[in-house]
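Dumped structure27.txt below, it's compact mmCIF, C-alpha atoms (C1' of nucleotides):
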# COMPACT_ATOMS: atom_id res chain seq x y z
CA MET H 1 -3.69 7.46 -159.86
CA ALA H 2 -1.70 10.25 -161.32
CA VAL H 3 -2.40 13.67 -160.06
CA ASP H 4 -2.76 16.02 -162.95
CA LEU H 5 -3.41 19.44 -161.73
CA GLU H 6 -3.53 22.59 -163.69
CA LEU H 7 -2.34 25.52 -161.72
CA SER H 8 -4.65 28.11 -163.08
CA PRO H 9 -3.75 31.74 -162.57
CA LYS H 10 -5.28 32.92 -159.40
CA GLN H 11 -7.55 35.85 -159.07
CA LYS H 12 -9.35 36.93 -156.08
CA ARG H 13 -12.52 35.03 -156.25
CA ALA H 14 -15.85 36.71 -156.50
CA ASN H 15 -18.01 36.62 -153.45
CA GLY H 16 -19.29 33.17 -152.86
CA SER H 17 -17.34 31.51 -155.60
CA PRO H 18 -14.78 28.85 -154.79
CA CYS H 19 -11.16 29.81 -154.41
CA CYS H 20 -9.38 27.16 -156.38
CA GLU H 21 -9.85 24.20 -158.57
CA PRO H 22 -10.03 21.17 -156.38
CA VAL H 23 -6.83 19.20 -156.36
CA ALA H 24 -6.58 15.48 -156.84
CA TYR H 25 -6.30 13.34 -153.78
CA PRO H 26 -2.88 12.41 -152.57
CA ASP H 27 -1.50 9.36 -154.31
CA VAL H 28 -0.41 8.11 -151.00
CA GLN H 29 -3.56 6.90 -149.42
CA ARG H 30 -4.20 7.23 -145.74
CA GLU H 31 -3.23 3.75 -144.72
CA GLN H 32 0.03 3.89 -146.58
CA ALA H 33 0.68 7.35 -145.22
CA LEU H 34 0.03 6.10 -141.71
CA ARG H 35 2.41 3.20 -142.15
CA MET H 36 5.19 5.27 -143.64
CA ALA H 37 4.73 8.09 -141.15
CA ASP H 38 5.05 5.58 -138.33
CA VAL H 39 8.35 4.37 -139.71
CA ALA H 40 9.56 7.91 -140.35
CA LYS H 41 8.58 8.95 -136.86
CA ALA H 42 10.57 6.08 -135.38
CA LEU H 43 13.57 7.21 -137.42
CA GLY H 44 12.99 10.79 -136.31
CA ASP H 45 15.43 10.56 -133.45
CA PRO H 46 19.18 10.63 -134.08
CA ILE H 47 19.92 7.86 -131.63
CA ARG H 48 17.31 5.53 -133.10
CA LEU H 49 18.51 6.34 -136.57
CA GLN H 50 22.07 5.47 -135.61
CA VAL H 51 20.92 2.29 -133.91
CA VAL H 52 19.19 1.22 -137.10
CA ASP H 53 22.30 2.15 -139.03
CA VAL H 54 24.47 -0.06 -136.82
CA LEU H 55 22.05 -2.96 -137.06
CA ARG H 56 21.83 -2.65 -140.83
CA LYS H 57 25.55 -2.36 -141.34
CA HIS H 58 26.14 -5.34 -139.15
CA ALA H 59 23.75 -7.44 -141.17
CA GLY H 60 23.26 -9.75 -138.23
CA LYS H 61 22.06 -9.72 -134.69
CA VAL H 62 23.58 -7.29 -132.26
CA CYS H 63 23.60 -7.59 -128.50
CA VAL H 64 22.23 -4.68 -126.50
CA CYS H 65 25.42 -4.72 -124.45
CA GLU H 66 27.28 -3.77 -127.60
CA LEU H 67 24.94 -0.91 -128.35
CA VAL H 68 24.95 0.73 -124.94
CA PRO H 69 28.58 1.95 -125.01
CA LEU H 70 28.09 3.46 -128.48
CA PHE H 71 25.75 6.13 -127.22
CA ASP H 72 25.84 8.68 -124.49
CA ILE H 73 22.57 7.66 -122.92
CA SER H 74 21.61 5.38 -120.09
CA GLN H 75 20.75 1.75 -120.63
CA PRO H 76 17.07 2.24 -119.78
CA THR H 77 16.84 5.05 -122.30
CA LEU H 78 18.36 2.88 -125.00
CA SER H 79 15.92 0.15 -124.05
CA HIS H 80 13.14 2.67 -124.52
CA HIS H 81 14.39 3.55 -128.00
CA LEU H 82 14.65 -0.11 -128.93
CA LYS H 83 11.07 -0.58 -127.85
CA LYS H 84 9.99 2.25 -130.11
CA LEU H 85 11.79 0.67 -133.02
CA ARG H 86 10.16 -2.65 -132.21
CA ASN H 87 6.70 -1.08 -132.05
CA ALA H 88 7.30 0.57 -135.40
CA GLY H 89 8.07 -2.82 -136.91
CA ILE H 90 11.59 -1.82 -137.84
CA VAL H 91 13.51 -4.17 -135.58
CA ASP H 92 12.90 -7.30 -133.61
CA SER H 93 14.81 -9.04 -130.87
CA GLU H 94 15.73 -12.48 -129.72
CA ARG H 95 16.56 -13.50 -126.20
CA GLN H 96 19.47 -15.82 -125.65
CA GLY H 97 20.17 -16.33 -122.01
CA LEU H 98 21.04 -13.05 -120.44
CA TRP H 99 21.47 -11.30 -123.74
CA ALA H 100 19.07 -9.74 -126.14
CA TYR H 101 19.99 -9.60 -129.78
CA TYR H 102 18.40 -7.04 -132.06
CA TYR H 103 18.16 -7.05 -135.81
CA VAL H 104 16.44 -5.07 -138.55
CA ILE H 105 13.38 -6.75 -139.97
CA PRO H 106 13.97 -7.36 -143.66
CA ASP H 107 12.05 -4.98 -145.91
CA ALA H 108 10.80 -2.99 -142.94
CA LEU H 109 12.08 0.20 -144.55
CA GLU H 110 11.26 -0.72 -148.09
CA GLU H 111 7.96 1.08 -148.47
CA LEU H 112 9.30 4.37 -147.17
CA SER H 113 12.48 3.97 -149.12
CA ALA H 114 10.59 3.34 -152.34
CA TRP H 115 8.40 6.36 -151.79
CA LEU H 116 11.40 8.58 -151.15
CA SER H 117 13.20 7.44 -154.28
CA MET I 1 25.35 10.87 -127.96
CA ALA I 2 28.84 11.21 -129.32
CA VAL I 3 29.69 7.93 -130.88
CA ASP I 4 33.04 6.87 -129.62
CA LEU I 5 35.10 4.82 -131.93
CA GLU I 6 36.45 2.77 -129.11
CA LEU I 7 34.51 -0.42 -128.69
CA SER I 8 35.71 -1.63 -125.38
CA PRO I 9 35.31 -5.29 -124.59
CA LYS I 10 32.74 -6.25 -122.07
CA GLN I 11 33.93 -6.36 -118.57
CA LYS I 12 33.27 -9.25 -116.34
CA ARG I 13 31.55 -11.20 -118.99
CA ALA I 14 30.09 -14.44 -117.84
CA ASN I 15 32.53 -17.25 -118.08
CA GLY I 16 32.55 -19.22 -121.25
CA SER I 17 29.71 -17.62 -123.15
CA PRO I 18 30.87 -14.67 -125.16
CA CYS I 19 28.38 -11.88 -125.11
CA CYS I 20 28.46 -10.74 -128.68
CA GLU I 21 30.47 -10.49 -131.78
CA PRO I 22 32.10 -7.16 -132.46
CA VAL I 23 29.79 -4.59 -133.85
CA ALA I 24 30.24 -2.10 -136.62
CA TYR I 25 30.41 1.51 -135.66
CA PRO I 26 27.76 3.76 -137.01
CA ASP I 27 28.92 5.01 -140.38
CA VAL I 28 26.36 7.65 -139.95
CA GLN I 29 28.06 10.27 -137.92
CA ARG I 30 26.32 12.53 -135.53
CA GLU I 31 25.85 15.48 -137.84
CA GLN I 32 24.42 13.34 -140.59
CA ALA I 33 22.21 11.52 -138.12
CA LEU I 34 20.87 14.81 -136.84
CA ARG I 35 20.11 16.05 -140.34
CA MET I 36 18.40 12.87 -141.43
CA ALA I 37 16.50 12.49 -138.17
CA ASP I 38 15.18 16.01 -138.60
CA VAL I 39 13.87 15.17 -142.04
CA ALA I 40 12.44 11.86 -140.85
CA LYS I 41 10.77 13.57 -137.93
CA ALA I 42 9.13 16.07 -140.25
CA LEU I 43 7.84 13.18 -142.34
CA GLY I 44 6.65 11.42 -139.20
CA ASP I 45 3.14 12.76 -139.46
CA PRO I 46 0.70 11.32 -141.99
CA ILE I 47 -0.62 14.71 -143.03
CA ARG I 48 2.82 16.16 -143.62
CA LEU I 49 3.83 13.06 -145.51
CA GLN I 50 0.80 13.39 -147.78
CA VAL I 51 1.46 17.10 -148.26
CA VAL I 52 4.97 16.31 -149.42
CA ASP I 53 3.56 13.62 -151.66
CA VAL I 54 1.19 16.05 -153.33
CA LEU I 55 3.89 18.65 -153.78
CA ARG I 56 6.32 16.14 -155.24
CA LYS I 57 3.80 14.73 -157.65
CA HIS I 58 3.11 18.17 -159.03
CA ALA I 59 6.71 19.08 -159.60
CA GLY I 60 5.55 22.65 -159.37
CA LYS I 61 4.18 25.08 -156.93
CA VAL I 62 0.90 24.44 -155.19
CA CYS I 63 -1.32 27.04 -153.59
CA VAL I 64 -2.22 26.53 -149.95
CA CYS I 65 -5.84 27.02 -150.88
CA GLU I 66 -5.58 23.85 -152.94
CA LEU I 67 -4.10 21.90 -150.08
CA VAL I 68 -6.62 22.84 -147.41
CA PRO I 69 -9.60 20.93 -148.86
CA LEU I 70 -7.51 17.76 -149.20
CA PHE I 71 -7.23 17.23 -145.50
CA ASP I 72 -9.60 17.06 -142.63
CA ILE I 73 -7.85 19.66 -140.56
CA SER I 74 -8.28 23.36 -140.08
CA GLN I 75 -6.37 25.91 -142.10
CA PRO I 76 -4.23 27.01 -139.12
CA THR I 77 -3.26 23.40 -138.46
CA LEU I 78 -2.19 22.93 -142.05
CA SER I 79 -0.23 26.16 -141.82
CA HIS I 80 1.48 24.73 -138.76
CA HIS I 81 2.44 21.57 -140.65
CA LEU I 82 3.76 23.60 -143.57
CA LYS I 83 5.90 25.56 -141.17
CA LYS I 84 7.35 22.35 -139.80
CA LEU I 85 8.18 21.19 -143.29
CA ARG I 86 9.78 24.56 -143.99
CA ASN I 87 11.86 24.40 -140.82
CA ALA I 88 13.02 20.93 -141.74
CA GLY I 89 14.24 22.26 -145.08
CA ILE I 90 11.92 20.03 -147.05
CA VAL I 91 9.71 22.67 -148.64
CA ASP I 92 9.78 26.37 -149.29
CA SER I 93 7.12 28.87 -150.25
CA GLU I 94 6.61 31.88 -152.43
CA ARG I 95 4.13 34.64 -151.89
CA GLN I 96 2.21 35.96 -154.86
CA GLY I 97 -0.36 38.45 -153.82
CA LEU I 98 -2.83 36.80 -151.54
CA TRP I 99 -1.60 33.32 -152.32
CA ALA I 100 1.24 31.26 -151.03
CA TYR I 101 2.74 28.61 -153.25
CA TYR I 102 4.63 25.72 -151.75
CA TYR I 103 7.12 23.42 -153.40
CA VAL I 104 9.54 20.70 -152.40
CA ILE I 105 13.15 21.83 -152.27
CA PRO I 106 15.10 19.77 -154.80
CA ASP I 107 17.27 17.10 -153.20
CA ALA I 108 15.91 17.85 -149.76
CA LEU I 109 15.08 14.18 -149.29
CA GLU I 110 18.09 12.82 -151.06
CA GLU I 111 20.34 12.13 -148.10
CA LEU I 112 17.67 10.20 -146.20
CA SER I 113 16.59 8.42 -149.35
CA ALA I 114 20.13 7.34 -150.12
CA TRP I 115 20.64 6.06 -146.61
CA LEU I 116 17.43 4.07 -146.73
CA SER I 117 18.27 2.47 -150.05
C1' DG K 1 -12.55 54.65 -147.28
C1' DT K 2 -14.91 49.49 -146.08
C1' DA K 3 -15.39 44.64 -146.98
C1' DT K 4 -13.53 40.38 -148.18
C1' DT K 5 -10.08 36.97 -149.02
C1' DA K 6 -5.67 34.05 -148.09
C1' DC K 7 -2.63 32.86 -145.03
C1' DA K 8 0.16 33.14 -140.71
C1' DT K 9 0.43 33.61 -135.84
C1' DC K 10 -1.21 33.34 -131.09
C1' DG K 11 -3.22 31.08 -126.94
C1' DA K 12 -4.66 27.17 -124.90
C1' DC K 13 -5.44 22.33 -124.41
C1' DA K 14 -4.51 17.28 -123.78
C1' DG K 15 -1.31 14.10 -125.29
C1' DT K 16 3.28 12.37 -126.34
C1' DC K 17 8.38 12.61 -126.23
C1' DG K 18 13.24 11.75 -124.51
C1' DT K 19 15.54 11.32 -120.43
C1' DG K 20 17.45 9.40 -115.92
C1' DA K 21 17.04 7.18 -111.37
C1' DG K 22 15.26 3.52 -109.39
C1' DT K 23 13.37 -1.16 -109.49
C1' DG K 24 12.03 -5.63 -111.24
C1' DT K 25 12.88 -9.97 -113.91
C1' DT K 26 15.45 -13.59 -115.50
C1' DA K 27 19.56 -16.32 -116.31
C1' DT K 28 24.14 -17.58 -114.97
C1' DT K 29 27.88 -18.22 -111.55
C1' DG K 30 29.81 -19.62 -107.20
C1' DC E 1 21.27 -21.02 -101.39
C1' DA E 2 23.16 -15.91 -102.52
C1' DA E 3 25.43 -12.83 -105.72
C1' DT E 4 25.86 -10.88 -110.11
C1' DA E 5 24.96 -9.54 -114.83
C1' DA E 6 21.83 -8.11 -118.81
C1' DC E 7 17.93 -6.09 -119.90
C1' DA E 8 13.04 -4.29 -119.44
C1' DC E 9 9.88 -1.74 -116.85
C1' DT E 10 8.00 2.19 -113.66
C1' DC E 11 7.81 6.72 -112.35
C1' DA E 12 8.56 11.47 -112.73
C1' DC E 13 10.13 15.52 -115.04
C1' DG E 14 10.34 19.32 -118.46
C1' DA E 15 9.84 19.86 -123.31
C1' DC E 16 7.52 19.30 -127.36
C1' DT E 17 3.37 17.89 -130.52
C1' DG E 18 -1.07 18.28 -133.05
C1' DT E 19 -5.19 20.49 -132.82
C1' DC E 20 -8.67 24.25 -132.91
C1' DG E 21 -10.62 28.90 -132.31
C1' DA E 22 -9.52 33.53 -132.28
C1' DT E 23 -6.84 37.07 -134.01
C1' DG E 24 -3.43 39.48 -136.96
C1' DT E 25 -1.60 40.87 -141.54
C1' DA E 26 -1.50 41.90 -146.11
C1' DA E 27 -3.58 42.16 -150.66
C1' DT E 28 -7.57 42.72 -153.52
C1' DA E 29 -12.33 44.30 -154.65
C1' DC E 30 -15.98 47.55 -154.20

If you convert what's in this file into structure tokens, what do you get?
Amino acid sequence: MAVDLELSPKQKRANGSPCCEPVAYPDVQREQALRMADVAKALGDPIRLQVVDVLRKHAGKVCVCELVPLFDISQPTLSHHLKKLRNAGIVDSERQGLWAYYYVIPDALEELSAWLS
Amino acid sequence: MAVDLELSPKQKRANGSPCCEPVAYPDVQREQALRMADVAKALGDPIRLQVVDVLRKHAGKVCVCELVPLFDISQPTLSHHLKKLRNAGIVDSERQGLWAYYYVIPDALEELSAWLS
DNA sequence: GTATTACATCGACAGTCGTGAGTGTTATTG
DNA sequence: CAATAACACTCACGACTGTCGATGTAATAC
């Protein structure tokens, strides 16, 4: 659904006449926009973005105890950020004994990434 | 939030079971994380994301009066979203008489896009 | 001049955010 | 059993968000 819009020269419209030619609907439909905005919102915090960066670069599962010392925030706050990333569908976790291992869900960022490219 | 490059070993780890393998440090340094998180945060609203989508698809300048009817929000609310996008460095605007034309700043999304890819 | 239009800003509202201190839960050790 | 460690959850706080209606500002039309 390509948006082809002609930007006609604007004049002040006559009384009662419409201002502009209607524009085509956004290519990105609402559901897709909601999904991508959710992901973008979760990445909209520098700590969460760096957490995702660490998890991606590591290409494996990372223990929370390894993440805590990387950032200047308390452990409960990091736990809160990890929960946000989980709720956004970006990461998931696995419990192994006392430890929790986090990893990036494959292709979780793909839709947003494709749209941005 | 300063990411220290020193990854100290866990203290008083439980006997026998190693907590985790060493982790990579965030390649994304603080400044870059702040910049990208700002952009992501601005895209973290479905309306703003769709606005950017429309502007990108046009590869030109779009009048606000053409954007208003696309969304189910009031004109002041759209103006507020456009301001957020401006403050995030994603779009800019040009006044021509009564009309304001918005456009996406070239390469504004490039850093985030490259990181996501 | 007055009227009208396009857009931004203001004021207010409920809701959400990031944060830390404190607490709870669960698994392991002694 | 009790103690400890890793992690999630609860609560509270100030700050910010998205939204609308009302208002302000500037340009155009009459």

Could you give me, as a Markdown table, a per-residue list for chain H showing, wherever an atom lies at most 7 Å from an atom of chain K, the closest pair of atoms and their distance in Å to one decimal, using only C-alpha atoms (C1' of nucleotides) and sorting by chain then residue number from low to high?
| residue | atom | partner | partner_atom | distance |
| --- | --- | --- | --- | --- |
| H:Thr77 | CA | K:DT19 | C1' | 6.7 |
| H:Gly97 | CA | K:DA27 | C1' | 5.7 |
| H:Leu98 | CA | K:DA27 | C1' | 5.5 |

Requested in this report: Kindly extract all protein, DNA and RNA residues lying within 8 Å of the coordinates (21.9, 13.2, -135.9) given in the file, considering only C-alpha atoms (C1' of nucleotides), and supply them as an MDAnalysis selection string.
Outcome: (chainID H and resid 45:47 49:50) or (chainID I and resid 29:38)

Report task. For Cys63 in chain H, list every protein, DNA or RNA residue within 6 Å, evaluated using all atoms listed in the file, and leave out those in the same chain fewer than 2 positions away; present the list as a ChimeraX atom specification. Result -> /H:65-66,100-101 /I:20

Please put the answer as JSON: centre and edge lengths, in Å with one decimal, of a box along x, y and z that encloses all listed atoms of range 5-24 of chain E plus 3 Å on each side.
{"center_x": 7.2, "center_y": 15.0, "center_z": -124.7, "size_x": 41.6, "size_y": 55.0, "size_z": 30.6}

Report task. Write out as a list in words every residue belonging to chain E that has an atom at most 12 Å from any atom of chain H, counting only C-alpha atoms (C1' of nucleotides). Result -> DT4, DA5, DA6, DC7, DA8, DC9, DT10, DA27, DT28, DA29 and DC30 of chain E

Compile the contact shell of Ile105 in chain H as a compact mmCIF listing (two decimals) with C-alpha atoms, in the coordinates of the input: residues with an atom at most 12 Å away, counting only C-alpha atoms (C1' of nucleotides), same-chain residues fewer than 6 positions apart removed.
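Below you can see selection_24.txt, which holds the result:
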# COMPACT_ATOMS: atom_id res chain seq x y z
CA VAL H 52 19.19 1.22 -137.10
CA LEU H 55 22.05 -2.96 -137.06
CA ARG H 56 21.83 -2.65 -140.83
CA ALA H 59 23.75 -7.44 -141.17
CA GLY H 60 23.26 -9.75 -138.23
CA LYS H 61 22.06 -9.72 -134.69
CA LEU H 85 11.79 0.67 -133.02
CA ARG H 86 10.16 -2.65 -132.21
CA ASN H 87 6.70 -1.08 -132.05
CA ALA H 88 7.30 0.57 -135.40
CA GLY H 89 8.07 -2.82 -136.91
CA ILE H 90 11.59 -1.82 -137.84
CA VAL H 91 13.51 -4.17 -135.58
CA ASP H 92 12.90 -7.30 -133.61
CA SER H 93 14.81 -9.04 -130.87
CA GLU H 94 15.73 -12.48 -129.72

Query raised in the report: What is the distance between CA of Leu82 in chain H and C1' of DT19 in chain E, in Å to one decimal?
Result: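 Distance between the two atoms: 28.9 Å.
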
Query - Point-to-point distance in Å for CA of Ala42 in chain I and C1' of DC20 in chain E - result: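 That distance, rounded to one decimal, is 20.9 Å.
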
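With CA of Leu109 in chain I on one side and CA of Lys84 in chain H on the other, the separation reads 23.2 Å.
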
**Report entry** Closest of I:Val51, I:Leu112, I:Ala40, I:Ile73 to chain H - atom-to-atom distances counting all atoms listed in the file
**Finding:** I:Ala40
